[in-house]
Each structure stands twice: as structure tokens, then as C-alpha cells.
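K.L.:
data00.pdb is the file, holding PDB, C-alpha atoms and all ligand atoms:
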ATOM      1  CA  MET A   1     -61.377  79.417  -6.639  1.00  0.00           C
ATOM      2  CA  ILE A   2     -62.473  75.818  -6.095  1.00  0.00           C
ATOM      3  CA  VAL A   3     -60.823  74.279  -3.043  1.00  0.00           C
ATOM      4  CA  GLU A   4     -60.916  70.484  -2.631  1.00  0.00           C
ATOM      5  CA  THR A   5     -62.181  69.704   0.856  1.00  0.00           C
ATOM      6  CA  VAL A   6     -63.561  66.949   3.018  1.00  0.00           C
ATOM      7  CA  THR A   7     -66.983  68.251   4.000  1.00  0.00           C
ATOM      8  CA  THR A   8     -68.676  66.715   7.012  1.00  0.00           C
ATOM      9  CA  THR A   9     -72.391  66.747   7.787  1.00  0.00           C
ATOM     10  CA  ILE A  10     -74.490  64.995  10.399  1.00  0.00           C
ATOM     11  CA  ASN A  11     -76.662  62.022   9.385  1.00  0.00           C
ATOM     12  CA  PRO A  12     -80.221  61.637  10.741  1.00  0.00           C
ATOM     13  CA  ASP A  13     -78.948  59.027  13.258  1.00  0.00           C
ATOM     14  CA  GLY A  14     -76.316  61.459  14.586  1.00  0.00           C
ATOM     15  CA  THR A  15     -73.311  59.816  12.908  1.00  0.00           C
ATOM     16  CA  VAL A  16     -70.837  61.827  10.826  1.00  0.00           C
ATOM     17  CA  ASN A  17     -70.883  61.758   7.005  1.00  0.00           C
ATOM     18  CA  CYS A  18     -67.637  62.618   5.202  1.00  0.00           C
ATOM     19  CA  ALA A  19     -67.605  63.547   1.509  1.00  0.00           C
ATOM     20  CA  ALA A  20     -64.902  64.923  -0.780  1.00  0.00           C
ATOM     21  CA  MET A  21     -66.304  68.196  -2.153  1.00  0.00           C
ATOM     22  CA  GLY A  22     -64.786  70.872  -4.366  1.00  0.00           C
ATOM     23  CA  VAL A  23     -66.239  74.090  -2.919  1.00  0.00           C
ATOM     24  CA  GLU A  24     -66.284  77.718  -4.079  1.00  0.00           C
ATOM     25  CA  TRP A  25     -64.088  79.202  -1.409  1.00  0.00           C
ATOM     26  CA  GLY A  26     -64.619  82.617   0.171  1.00  0.00           C
ATOM     27  CA  ASP A  27     -63.652  84.210   3.444  1.00  0.00           C
ATOM     28  CA  GLU A  28     -67.217  84.954   4.547  1.00  0.00           C
ATOM     29  CA  ALA A  29     -69.214  82.608   2.298  1.00  0.00           C
ATOM     30  CA  ILE A  30     -68.643  79.138   0.822  1.00  0.00           C
ATOM     31  CA  VAL A  31     -70.732  77.480  -1.888  1.00  0.00           C
ATOM     32  CA  ILE A  32     -71.008  73.672  -1.629  1.00  0.00           C
ATOM     33  CA  LYS A  33     -72.172  71.888  -4.805  1.00  0.00           C
ATOM     34  CA  PRO A  34     -73.391  68.373  -3.960  1.00  0.00           C
ATOM     35  CA  TYR A  35     -75.080  66.201  -6.593  1.00  0.00           C
ATOM     36  CA  ARG A  36     -78.764  65.458  -5.997  1.00  0.00           C
ATOM     37  CA  ALA A  37     -78.277  61.877  -4.806  1.00  0.00           C
ATOM     38  CA  THR A  38     -75.652  62.653  -2.153  1.00  0.00           C
ATOM     39  CA  ARG A  39     -76.113  62.255   1.583  1.00  0.00           C
ATOM     40  CA  THR A  40     -74.340  65.596   1.912  1.00  0.00           C
ATOM     41  CA  LEU A  41     -77.210  67.396   0.160  1.00  0.00           C
ATOM     42  CA  ARG A  42     -79.866  65.592   2.200  1.00  0.00           C
ATOM     43  CA  ASN A  43     -78.036  66.397   5.441  1.00  0.00           C
ATOM     44  CA  LEU A  44     -77.552  70.050   4.464  1.00  0.00           C
ATOM     45  CA  GLN A  45     -81.265  70.351   3.658  1.00  0.00           C
ATOM     46  CA  ARG A  46     -82.222  68.844   6.993  1.00  0.00           C
ATOM     47  CA  SER A  47     -79.648  70.251   9.423  1.00  0.00           C
ATOM     48  CA  GLY A  48     -78.562  73.480   7.706  1.00  0.00           C
ATOM     49  CA  ALA A  49     -74.931  73.067   8.762  1.00  0.00           C
ATOM     50  CA  ALA A  50     -71.600  71.563   7.688  1.00  0.00           C
ATOM     51  CA  VAL A  51     -67.901  71.685   8.438  1.00  0.00           C
ATOM     52  CA  VAL A  52     -65.623  72.277   5.449  1.00  0.00           C
ATOM     53  CA  ASN A  53     -62.268  70.658   6.305  1.00  0.00           C
ATOM     54  CA  VAL A  54     -58.950  71.315   4.567  1.00  0.00           C
ATOM     55  CA  THR A  55     -56.646  68.320   4.876  1.00  0.00           C
ATOM     56  CA  ASP A  56     -53.340  67.162   3.443  1.00  0.00           C
ATOM     57  CA  ASP A  57     -54.267  63.489   3.959  1.00  0.00           C
ATOM     58  CA  ILE A  58     -54.988  62.248   0.441  1.00  0.00           C
ATOM     59  CA  LEU A  59     -56.171  58.851   1.659  1.00  0.00           C
ATOM     60  CA  LEU A  60     -58.968  60.617   3.507  1.00  0.00           C
ATOM     61  CA  PHE A  61     -60.080  62.303   0.257  1.00  0.00           C
ATOM     62  CA  THR A  62     -60.168  58.993  -1.549  1.00  0.00           C
ATOM     63  CA  GLN A  63     -62.087  57.268   1.212  1.00  0.00           C
ATOM     64  CA  ALA A  64     -64.476  60.229   1.479  1.00  0.00           C
ATOM     65  CA  ALA A  65     -65.207  59.939  -2.250  1.00  0.00           C
ATOM     66  CA  LEU A  66     -65.368  56.148  -2.635  1.00  0.00           C
ATOM     67  CA  GLU A  67     -66.057  54.520   0.737  1.00  0.00           C
ATOM     68  CA  ASP A  68     -67.920  55.112   3.936  1.00  0.00           C
ATOM     69  CA  PRO A  69     -65.095  56.457   6.093  1.00  0.00           C
ATOM     70  CA  HIS A  70     -65.175  57.053   9.816  1.00  0.00           C
ATOM     71  CA  PRO A  71     -62.055  59.098  10.553  1.00  0.00           C
ATOM     72  CA  PRO A  72     -61.631  60.491  14.054  1.00  0.00           C
ATOM     73  CA  THR A  73     -63.584  63.727  14.539  1.00  0.00           C
ATOM     74  CA  ARG A  74     -64.477  66.062  17.372  1.00  0.00           C
ATOM     75  CA  PRO A  75     -67.581  68.231  17.753  1.00  0.00           C
ATOM     76  CA  ALA A  76     -67.562  71.623  16.033  1.00  0.00           C
ATOM     77  CA  THR A  77     -67.923  74.582  18.344  1.00  0.00           C
ATOM     78  CA  VAL A  78     -70.549  76.772  16.641  1.00  0.00           C
ATOM     79  CA  VAL A  79     -72.637  74.421  14.466  1.00  0.00           C
ATOM     80  CA  ASP A  80     -73.925  70.914  15.057  1.00  0.00           C
ATOM     81  CA  GLY A  81     -71.108  69.323  13.071  1.00  0.00           C
ATOM     82  CA  ALA A  82     -67.810  67.457  13.148  1.00  0.00           C
ATOM     83  CA  VAL A  83     -64.235  68.655  12.689  1.00  0.00           C
ATOM     84  CA  LEU A  84     -61.716  66.129  11.356  1.00  0.00           C
ATOM     85  CA  ALA A  85     -59.207  65.429  14.121  1.00  0.00           C
ATOM     86  CA  ASP A  86     -56.434  65.650  11.539  1.00  0.00           C
ATOM     87  CA  ALA A  87     -57.633  68.785   9.673  1.00  0.00           C
ATOM     88  CA  CYS A  88     -55.144  71.485   8.721  1.00  0.00           C
ATOM     89  CA  SER A  89     -57.919  74.069   8.984  1.00  0.00           C
ATOM     90  CA  TRP A  90     -61.709  74.188   8.868  1.00  0.00           C
ATOM     91  CA  ARG A  91     -64.724  76.418   8.408  1.00  0.00           C
ATOM     92  CA  GLU A  92     -67.994  75.828  10.250  1.00  0.00           C
ATOM     93  CA  VAL A  93     -70.803  76.933   7.956  1.00  0.00           C
ATOM     94  CA  ALA A  94     -74.547  77.627   8.216  1.00  0.00           C
ATOM     95  CA  VAL A  95     -76.795  77.247   5.172  1.00  0.00           C
ATOM     96  CA  ASP A  96     -78.267  80.488   3.796  1.00  0.00           C
ATOM     97  CA  ALA A  97     -79.905  79.181   0.611  1.00  0.00           C
ATOM     98  CA  ILE A  98     -80.218  75.970  -1.408  1.00  0.00           C
ATOM     99  CA  ASP A  99     -80.868  75.906  -5.145  1.00  0.00           C
ATOM    100  CA  ALA A 100     -81.560  72.249  -5.947  1.00  0.00           C
ATOM    101  CA  THR A 101     -83.127  72.761  -9.375  1.00  0.00           C
ATOM    102  CA  GLY A 102     -80.160  71.378 -11.369  1.00  0.00           C
ATOM    103  CA  PRO A 103     -78.471  67.942 -11.162  1.00  0.00           C
ATOM    104  CA  ARG A 104     -75.899  69.556  -8.886  1.00  0.00           C
ATOM    105  CA  ALA A 105     -77.281  71.754  -6.110  1.00  0.00           C
ATOM    106  CA  ARG A 106     -75.774  75.101  -5.088  1.00  0.00           C
ATOM    107  CA  VAL A 107     -75.754  75.424  -1.331  1.00  0.00           C
ATOM    108  CA  THR A 108     -74.773  78.935  -0.279  1.00  0.00           C
ATOM    109  CA  THR A 109     -73.397  79.012   3.230  1.00  0.00           C
ATOM    110  CA  ARG A 110     -72.140  81.598   5.688  1.00  0.00           C
ATOM    111  CA  VAL A 111     -68.899  81.028   7.633  1.00  0.00           C
ATOM    112  CA  VAL A 112     -69.821  81.107  11.323  1.00  0.00           C
ATOM    113  CA  GLY A 113     -66.721  79.500  12.857  1.00  0.00           C
ATOM    114  CA  ARG A 114     -63.199  78.517  11.923  1.00  0.00           C
ATOM    115  CA  GLY A 115     -60.041  76.968  13.275  1.00  0.00           C
ATOM    116  CA  THR A 116     -56.598  75.640  12.456  1.00  0.00           C
ATOM    117  CA  GLY A 117     -55.039  72.275  13.229  1.00  0.00           C
ATOM    118  CA  HIS A 118     -51.639  71.190  11.995  1.00  0.00           C
ATOM    119  CA  GLU A 119     -49.602  72.999   9.341  1.00  0.00           C
ATOM    120  CA  PHE A 120     -50.394  72.289   5.663  1.00  0.00           C
ATOM    121  CA  VAL A 121     -46.955  71.302   4.443  1.00  0.00           C
ATOM    122  CA  GLY A 122     -47.920  70.930   0.799  1.00  0.00           C
ATOM    123  CA  PHE A 123     -49.101  68.460  -1.819  1.00  0.00           C
ATOM    124  CA  SER A 124     -46.778  66.139  -3.758  1.00  0.00           C
ATOM    125  CA  ARG A 125     -47.442  65.438  -7.443  1.00  0.00           C
ATOM    126  CA  ALA A 126     -48.692  62.043  -6.264  1.00  0.00           C
ATOM    127  CA  CYS A 127     -51.371  63.809  -4.172  1.00  0.00           C
ATOM    128  CA  GLY A 128     -52.571  65.723  -7.226  1.00  0.00           C
ATOM    129  CA  ALA A 129     -52.582  62.552  -9.302  1.00  0.00           C
ATOM    130  CA  VAL A 130     -54.504  60.591  -6.656  1.00  0.00           C
ATOM    131  CA  LEU A 131     -57.024  63.434  -6.403  1.00  0.00           C
ATOM    132  CA  GLU A 132     -57.651  63.240 -10.163  1.00  0.00           C
ATOM    133  CA  ALA A 133     -57.791  59.445 -10.013  1.00  0.00           C
ATOM    134  CA  SER A 134     -60.365  59.621  -7.181  1.00  0.00           C
ATOM    135  CA  ILE A 135     -62.582  61.945  -9.206  1.00  0.00           C
ATOM    136  CA  LEU A 136     -62.397  59.537 -12.166  1.00  0.00           C
ATOM    137  CA  ALA A 137     -63.203  56.604  -9.906  1.00  0.00           C
ATOM    138  CA  SER A 138     -66.205  58.403  -8.414  1.00  0.00           C
ATOM    139  CA  ARG A 139     -67.540  58.751 -12.004  1.00  0.00           C
ATOM    140  CA  ALA A 140     -66.452  55.264 -13.114  1.00  0.00           C
ATOM    141  CA  ARG A 141     -69.933  54.091 -14.090  1.00  0.00           C
ATOM    142  CA  ARG A 142     -70.642  57.231 -16.129  1.00  0.00           C
ATOM    143  CA  LEU A 143     -67.451  57.460 -18.272  1.00  0.00           C
ATOM    144  CA  PRO A 144     -66.212  55.134 -21.034  1.00  0.00           C
ATOM    145  CA  ALA A 145     -64.132  52.309 -19.500  1.00  0.00           C
ATOM    146  CA  TYR A 146     -61.249  52.720 -22.007  1.00  0.00           C
ATOM    147  CA  GLU A 147     -60.947  56.410 -21.086  1.00  0.00           C
ATOM    148  CA  ILE A 148     -60.761  55.629 -17.366  1.00  0.00           C
ATOM    149  CA  ARG A 149     -58.141  52.889 -17.835  1.00  0.00           C
ATOM    150  CA  ALA A 150     -55.932  55.099 -20.050  1.00  0.00           C
ATOM    151  CA  GLU A 151     -56.091  58.046 -17.655  1.00  0.00           C
ATOM    152  CA  LEU A 152     -55.446  55.860 -14.587  1.00  0.00           C
ATOM    153  CA  ALA A 153     -52.384  54.311 -16.252  1.00  0.00           C
ATOM    154  CA  ARG A 154     -50.988  57.826 -16.873  1.00  0.00           C
ATOM    155  CA  LEU A 155     -51.694  58.948 -13.289  1.00  0.00           C
ATOM    156  CA  ALA A 156     -50.190  55.737 -11.838  1.00  0.00           C
ATOM    157  CA  VAL A 157     -46.795  56.708 -13.315  1.00  0.00           C
ATOM    158  CA  VAL A 158     -46.876  60.029 -11.420  1.00  0.00           C
ATOM    159  CA  VAL A 159     -47.945  58.282  -8.214  1.00  0.00           C
ATOM    160  CA  ASP A 160     -45.118  55.732  -8.549  1.00  0.00           C
ATOM    161  CA  LYS A 161     -42.543  58.516  -8.871  1.00  0.00           C
ATOM    162  CA  THR A 162     -43.472  60.646  -5.839  1.00  0.00           C
ATOM    163  CA  ALA A 163     -45.833  58.766  -3.498  1.00  0.00           C
ATOM    164  CA  GLY A 164     -45.401  57.978   0.187  1.00  0.00           C
ATOM    165  CA  PRO A 165     -47.357  55.195   1.953  1.00  0.00           C
ATOM    166  CA  ARG A 166     -50.633  57.182   2.319  1.00  0.00           C
ATOM    167  CA  GLU A 167     -50.667  58.092  -1.381  1.00  0.00           C
ATOM    168  CA  ARG A 168     -49.947  54.472  -2.371  1.00  0.00           C
ATOM    169  CA  ALA A 169     -52.763  53.234  -0.130  1.00  0.00           C
ATOM    170  CA  ALA A 170     -55.072  55.864  -1.655  1.00  0.00           C
ATOM    171  CA  MET A 171     -54.173  54.797  -5.224  1.00  0.00           C
ATOM    172  CA  ASP A 172     -54.792  51.140  -4.271  1.00  0.00           C
ATOM    173  CA  CYS A 173     -58.218  52.179  -2.952  1.00  0.00           C
ATOM    174  CA  VAL A 174     -58.958  53.900  -6.303  1.00  0.00           C
ATOM    175  CA  LEU A 175     -57.843  50.884  -8.352  1.00  0.00           C
ATOM    176  CA  THR A 176     -59.901  48.458  -6.257  1.00  0.00           C
ATOM    177  CA  HIS A 177     -62.970  50.666  -6.642  1.00  0.00           C
ATOM    178  CA  VAL A 178     -62.523  50.945 -10.423  1.00  0.00           C
ATOM    179  CA  ARG A 179     -61.957  47.198 -10.812  1.00  0.00           C
ATOM    180  CA  THR A 180     -65.229  46.558  -8.995  1.00  0.00           C
ATOM    181  CA  ALA A 181     -67.061  49.155 -11.092  1.00  0.00           C
ATOM    182  CA  ILE A 182     -65.791  48.345 -14.615  1.00  0.00           C
ATOM    183  CA  GLY A 183     -63.638  45.180 -14.328  1.00  0.00           C
ATOM    184  CA  ASP A 184     -60.020  44.681 -15.458  1.00  0.00           C
ATOM    185  CA  GLY A 185     -60.718  45.171 -19.169  1.00  0.00           C
TER
HETATM  186  C1  LIG B 201     -61.606  65.726  -5.178  1.00  0.00           C
HETATM  187  C2  LIG B 201     -63.052  65.375  -5.257  1.00  0.00           C
HETATM  188  C3  LIG B 201     -64.017  66.388  -5.322  1.00  0.00           C
HETATM  189  C4  LIG B 201     -65.384  66.086  -5.368  1.00  0.00           C
HETATM  190  N1  LIG B 201     -66.288  67.107  -5.418  1.00  0.00           N
HETATM  191  C5  LIG B 201     -67.621  66.826  -5.407  1.00  0.00           C
HETATM  192  C6  LIG B 201     -68.580  67.885  -5.413  1.00  0.00           C
HETATM  193  O1  LIG B 201     -68.262  69.075  -5.434  1.00  0.00           O
HETATM  194  N2  LIG B 201     -69.888  67.527  -5.385  1.00  0.00           N
HETATM  195  C7  LIG B 201     -70.305  66.207  -5.334  1.00  0.00           C
HETATM  196  O2  LIG B 201     -71.504  65.944  -5.263  1.00  0.00           O
HETATM  197  N3  LIG B 201     -69.398  65.197  -5.339  1.00  0.00           N
HETATM  198  C8  LIG B 201     -68.078  65.472  -5.374  1.00  0.00           C
HETATM  199  N4  LIG B 201     -67.168  64.450  -5.364  1.00  0.00           N
HETATM  200  C9  LIG B 201     -67.670  63.053  -5.283  1.00  0.00           C
HETATM  201  C10 LIG B 201     -68.180  62.746  -3.868  1.00  0.00           C
HETATM  202  O3  LIG B 201     -67.134  62.858  -2.925  1.00  0.00           O
HETATM  203  C11 LIG B 201     -68.773  61.339  -3.809  1.00  0.00           C
HETATM  204  O4  LIG B 201     -69.814  61.230  -4.743  1.00  0.00           O
HETATM  205  C12 LIG B 201     -69.300  60.987  -2.450  1.00  0.00           C
HETATM  206  O5  LIG B 201     -69.632  59.619  -2.472  1.00  0.00           O
HETATM  207  C13 LIG B 201     -70.530  61.761  -2.025  1.00  0.00           C
HETATM  208  O6  LIG B 201     -70.779  61.330  -0.712  1.00  0.00           O
HETATM  209  P1  LIG B 201     -72.111  61.483   0.119  1.00  0.00           P
HETATM  210  O7  LIG B 201     -73.208  60.732  -0.574  1.00  0.00           O
HETATM  211  O8  LIG B 201     -71.708  60.832   1.420  1.00  0.00           O
HETATM  212  O9  LIG B 201     -72.428  62.937   0.279  1.00  0.00           O
HETATM  213  C14 LIG B 201     -65.800  64.731  -5.362  1.00  0.00           C
HETATM  214  C15 LIG B 201     -64.843  63.709  -5.300  1.00  0.00           C
HETATM  215  C16 LIG B 201     -63.494  64.026  -5.268  1.00  0.00           C
HETATM  216  C17 LIG B 201     -62.495  62.914  -5.201  1.00  0.00           C
END
Would you mind writing the structure in this file as C-alpha cells?
P.N.:
Amino acid sequence: MIVETVTTTINPDGTVNCAAMGVEWGDEAIVIKPYRATRTLRNLQRSGAAVVNVTDDILLFTQAALEDPHPPTRPATVVDGAVLADACSWREVAVDAIDATGPRARVTTRVVGRGTGHEFVGFSRACGAVLEASILASRARRLPAYEIRAELARLAVVVDKTAGPRERAAMDCVLTHVRTAIGDG
């Protein structure tokens, strides 16, 4: 199963990098699949560690995919890494192997630590819609503009029906990013 996570790694200057990543989830092993150009891949290659965070904060996903977010974190306990202060749960992972031959690497990791934060209450339909919208936005320059606009208009209806303030802020972040990338049309 692919679980959508916010994966943190440590940059060369010691700061925390946050990226939305859909990972192949397992109890003992997790496969992270960063594209070649990502900071996440470079950090994994250098440091050999990450923290895979499960969060119910959809705004954090959007920011982790489209911006350079600096949410509050605290040090992980086993690896040199960062746990999101607001995580529902997390896995600290150590890299076992990296296959970077394709456009998207496969980073096989071993779970070496774990923890739980606050309860995962559940996702609204708006959360699911914002998640899809964020993925579209992160590919905005690679997909046809008409396709992105049509899909975003459909997702915006779902967001309008069920969103709270965080989901609305996340959708605004998506729309701003898309406008910058492909214009208003
Ligand atoms: C829900 C969701 C899942 C994503 N999954 C991945 C993924 O598995 N691999 C990847 O490279 N990018 C994925 N992305 C896009 C990255 O989050 C985005 O490209 C990010 O800028 C990479 O950040 P980095 O360069 O700091 O590592 C995903 C985006 C979203 C919204």
C-alpha cells in the first residue's frame, strides 16, 4: 500500500527538508521513491536516514510539495533526523539500498525507530481533494494546462463542500502555485 507522508531529511547545512512522499509502507521496511532532482534523494544518498511522518494536516502536505516549509520539528531519537511536532505517528528509517537508475529512485529503508503523537481522527473529502490537487500542482509544468484547470475546477467543488480553514488555506496555496506555473488561462 502507498501511504502519503511528509518525509523529512537533513540538508547539508543541518536544516530540515520536508517533502510530501507517497511511500511503500511496511512494518519493518519502507520504500521511498523520490525523483532524481529532489533534495530528498540527495539527502538520503548523503546521510542514509529519514523520518517518515504521518500527519492529518493537509496544509503541511501542500507546503511540503510546493513550498519550502519550516514546520516545528524535534530531533528524532535513533537517526539523525527530524520528527514533525504535529505528527500523528512516525517511522525513523535507515537506508539499506538505493536504486537510482530510473527517473524515480527506489530507496529501500529499514525501520529503526517509531513513535506516536496525536490521534489521527480521519480525512475529510476536502483533504483527499486537496491531496490530489497538490499532486497536480507539483506536476503543473509537465501536464497540459487545460487538463490541470479542468481537474482543479472539479476538485474545488469538493473542497468547497467539506473544507475547514486548513483545507481552504491549502487549496489557496495550490491555486496560487498553479497560477504562477501556467497562468489563469
Ligand atoms: C501527496 C503527494 C505525494 C508525493 N509523492 C512523491 C513521491 O513519492 N516522490 C517524489 O519525488 N515526489 C513526490 N511528490 C512531489 C514532491 O513532494 C515535490 O516534488 C517536492 O518538491 C520534493 O521536494 P524536495 O526537493 O524537497 O525533496 C508528492 C507530492 C504530493 C502532494
K.L.:
Using all atoms listed in the file, find the one residue out of A:Val51, A:Ala64, A:Arg139, A:Gly164 that sits nearest to Arg114 of chain A.
P.N.:
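Closest candidate: A:Val51.
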K.L.:
Within 12 Å of Gly183 of chain A, counting all atoms listed in the file, which residues show up once you throw out same-chain ones fewer than 3 positions away? Write them as a list in words, please.
P.N.:
Ala140, Arg141, Ala145, Tyr146, Ile148, Arg149, Leu175, Thr176, His177, Val178, Arg179 and Thr180 of chain A
K.L.:
Excluding Pro69 of chain A and any residue of its chain fewer than 2 positions from it, enumerate the residues within 9 Å of it, using all atoms listed in the file, and give them as a PyMOL selection string.
P.N.:
chain A and resi 17-19+60+63-64+66-67+71
K.L.:
Please find the residues contacting ligand LIG 201 (chain B) at a distance of at most 9 Å between atoms, with all atoms listed in the file counted, and report them as a ChimeraX atom specification.
P.N.:
/A:2-9,17-24,32-43,61-68,104-105,130-139
K.L.:
Step by step, work through what the PyMOL selection byres (((chain A and resi 28) around 9) and not hetatm) selects in the shown file, and finish by giving those residues as a VMD selection string.
P.N.:
chain A and resid 25 to 27 29 to 30 109 to 112
K.L.:
A:Met171, A:Val95, A:Arg74, A:Asp86: which is nearest Ser47 of chain A, counting only C-alpha atoms?
P.N.:
A:Val95
K.L.:
Between A:Val121, A:Ala156, A:Val31, A:Ala126, which has the minimum distance to Val93 of chain A (counting all atoms listed in the file)?
P.N.:
A:Val31
K.L.:
Evaluate the PyMOL selection byres (((chain A and resi 116) around 10) and not hetatm) here and jot the selected residues down as a list in words.
P.N.:
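Applying the PyMOL selection byres (((chain A and resi 116) around 10) and not hetatm) to the structure shown produces Asn53, Val54, Ala87, Cys88, Ser89, Trp90, Arg91, Arg114, Gly115, Gly117, His118, Glu119 and Phe120 of chain A.
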K.L.:
Take atom CA of Ala181 of chain A and atom CA of Leu44 of chain A and report the distance between them in Å, one decimal.
P.N.:
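Interatomic distance, atom CA of Ala181 of chain A to atom CA of Leu44 of chain A: 28.1 Å.
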K.L.:
Which value, in Å to one decimal, gives the distance between atom CA of Ile98 of chain A and atom CA of Pro72 of chain A?
P.N.:
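Rounded to one decimal, the two atoms are 28.7 Å apart.
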K.L.:
How far is it from atom CA of Val157 of chain A to atom CA of Met1 of chain A, in Å with one decimal?
P.N.:
27.8 Å
K.L.:
Let me have the centre and edge lengths of the axis-aligned box enclosing all listed atoms of segment 164-167 of chain A with 3 Å padding on every side, in Å to one decimal, as JSON.
P.N.:
{"center_x": -48.0, "center_y": 56.6, "center_z": 0.5, "size_x": 11.3, "size_y": 8.9, "size_z": 9.7}
K.L.:
May I ask which of the residues A:Gly122, A:Gln45, A:Thr162, A:Glu167 is the closest one to Arg106 of chain A, counting only C-alpha atoms?
P.N.:
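Closest to Arg106 of chain A, using only C-alpha atoms: A:Gln45.
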K.L.:
Applied to the shown file, which residues does the PyMOL selection byres (((chain A and resi 80) around 10) and not hetatm) return, written as a list in words?
P.N.:
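With the shown file as input, the PyMOL selection byres (((chain A and resi 80) around 10) and not hetatm) matches Thr9, Ile10, Gly14, Ser47, Gly48, Ala49, Ala50, Val51, Pro75, Ala76, Thr77, Val78, Val79, Gly81, Ala82, Glu92, Val93 and Ala94 of chain A.
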K.L.:
Pick out the residues sitting within 12 Å of Pro165 of chain A, and hand them over as a list in words; count only C-alpha atoms, and ignore anything fewer than 3 positions along from it in its own chain.
P.N.:
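After dropping sequence-adjacent residues, the list is Asp57, Ile58, Leu59, Ala126, Cys127, Val159, Asp160, Thr162, Arg168, Ala169, Ala170, Met171 and Asp172 of chain A.
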K.L.:
Ranking A:Thr55, A:Pro103, A:Cys173, A:Thr108 by minimum distance to Phe123 of chain A and counting only C-alpha atoms, which one comes first?
P.N.:
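Going through A:Thr55, A:Pro103, A:Cys173, A:Thr108 one by one, the smallest distance to Phe123 of chain A is for A:Thr55.
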